[in-house]
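Peer 1: Pasting a structure below so you can have a look.
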Amino acid sequence: MADDSRWATGHRRRICEILGPDTIPVYDAEWEMWELVPVPDPEEQTVLRETLGIILAQASMEERAVCEAMLTTGGTQEVIAQQLGTTRKSVERRLSRVRRPAEKLAAAGVIMVPSVSSAVTR
C-alpha cells in the first residue's frame with residue numbers, strides 16, 4: 001500500500017513536469033477518471049479553499065479524512081479505503097454525506113461549486 005502511494009506521488013509529479021505549470025491532473029469522481037484542468041489562479045485558489053472550509057465545517061472526522069485522502073493522493077475510492085482501513089462502500093457513503101450538504105449550500109447560493117467537467121472538454 002505504501003509503495004502505491006509513493007508511485008502515485010512520483011507519477012503525478014512526473015505528469016506535472018511533462019504537462020508544464022499550466023495544467024494539473026484532477027480526479028473526477030463522477031466519471032471515475034483523471035482530467036487535465038488549468039491551474040486555478042491565486043484568487044480562484046483562495047475561493048476554492050474557503051468553499052472547502054465551508055463544506056467541511058460540519059463534516060465528521062471520518063468524512064474529513066476521506067476528503068483529505070482524495071486531495072492528497074487523488075486515488076480511487078478503493079485505494080482510499082485501503083489507506084484508511086475501511087471499505088470502498090464506507091468511503092462512498094462518507095463522500096455522499098459531504099456532497100448532500102454541499103449541494104444544499106450551492107442551491108442556497110452560499111457557495112459556488114466548481115465543475116471539473118465544465119473546465120475540460122471530454
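Lettering and numbering for the C-alpha cells are positional, with chains as A, B, ... in the shown order, residues counted from 1 in each chain, and ligands counted from 1 in the shown order.
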Excluding same-chain residues fewer than 2 positions from range 104-111 of chain A, what lies within 8 Å of it counting only C-alpha atoms, as a ChimeraX atom specification?

Peer 2: /A:51,55,100-102,113

Peer 1: Quick one: residues within 9 Å of Glu78 in chain A, only C-alpha atoms counted, chain neighbours fewer than 5 positions away excluded, as JSON, numbers by chain?

Peer 2: {"A": [83, 87, 88, 89, 91]}

Peer 1: Would you put the residues from that selection into a file with N, CA and C atoms, as a PDB file, in the first residue's frame?

Peer 2:
```
ATOM      1  N   GLN A  83      -6.192   2.760   2.280  1.00  0.00           N
ATOM      2  CA  GLN A  83      -5.348   3.649   3.082  1.00  0.00           C
ATOM      3  C   GLN A  83      -5.960   3.918   4.446  1.00  0.00           C
ATOM      4  N   THR A  87     -13.850   0.132   4.020  1.00  0.00           N
ATOM      5  CA  THR A  87     -14.324  -0.432   2.764  1.00  0.00           C
ATOM      6  C   THR A  87     -14.620   0.665   1.747  1.00  0.00           C
ATOM      7  N   ARG A  88     -14.652   0.291   0.481  1.00  0.00           N
ATOM      8  CA  ARG A  88     -14.988   1.236  -0.577  1.00  0.00           C
ATOM      9  C   ARG A  88     -16.388   1.791  -0.364  1.00  0.00           C
ATOM     10  N   LYS A  89     -17.305   0.953   0.075  1.00  0.00           N
ATOM     11  CA  LYS A  89     -18.681   1.389   0.320  1.00  0.00           C
ATOM     12  C   LYS A  89     -18.731   2.441   1.430  1.00  0.00           C
ATOM     13  N   VAL A  91     -16.313   4.549   2.165  1.00  0.00           N
ATOM     14  CA  VAL A  91     -15.781   5.778   1.558  1.00  0.00           C
ATOM     15  C   VAL A  91     -16.869   6.435   0.723  1.00  0.00           C
TER      16      VAL A  91
END
```

Peer 1: With range 30-49 of chain A as the partner and 12 Å as the cut-off, tabulate the residues of range 59-103 of chain A that qualify, each row holding the nearest pair of atoms and their distance in Å to one decimal, using only C-alpha atoms, sorted by chain and rising number, as JSON lines.

Peer 2:
```
{"residue": "A:Leu71", "atom": "CA", "partner": "A:Arg49", "partner_atom": "CA", "distance": 11.7}
{"residue": "A:Gly74", "atom": "CA", "partner": "A:Trp34", "partner_atom": "CA", "distance": 8.9}
{"residue": "A:Gly75", "atom": "CA", "partner": "A:Glu32", "partner_atom": "CA", "distance": 9.8}
{"residue": "A:Thr76", "atom": "CA", "partner": "A:Glu32", "partner_atom": "CA", "distance": 7.4}
{"residue": "A:Gln77", "atom": "CA", "partner": "A:Glu32", "partner_atom": "CA", "distance": 9.2}
{"residue": "A:Glu78", "atom": "CA", "partner": "A:Glu32", "partner_atom": "CA", "distance": 11.3}
{"residue": "A:Glu92", "atom": "CA", "partner": "A:Glu30", "partner_atom": "CA", "distance": 11.3}
{"residue": "A:Leu95", "atom": "CA", "partner": "A:Glu30", "partner_atom": "CA", "distance": 11.3}
{"residue": "A:Ser96", "atom": "CA", "partner": "A:Glu30", "partner_atom": "CA", "distance": 11.5}
{"residue": "A:Arg99", "atom": "CA", "partner": "A:Glu30", "partner_atom": "CA", "distance": 11.6}
```
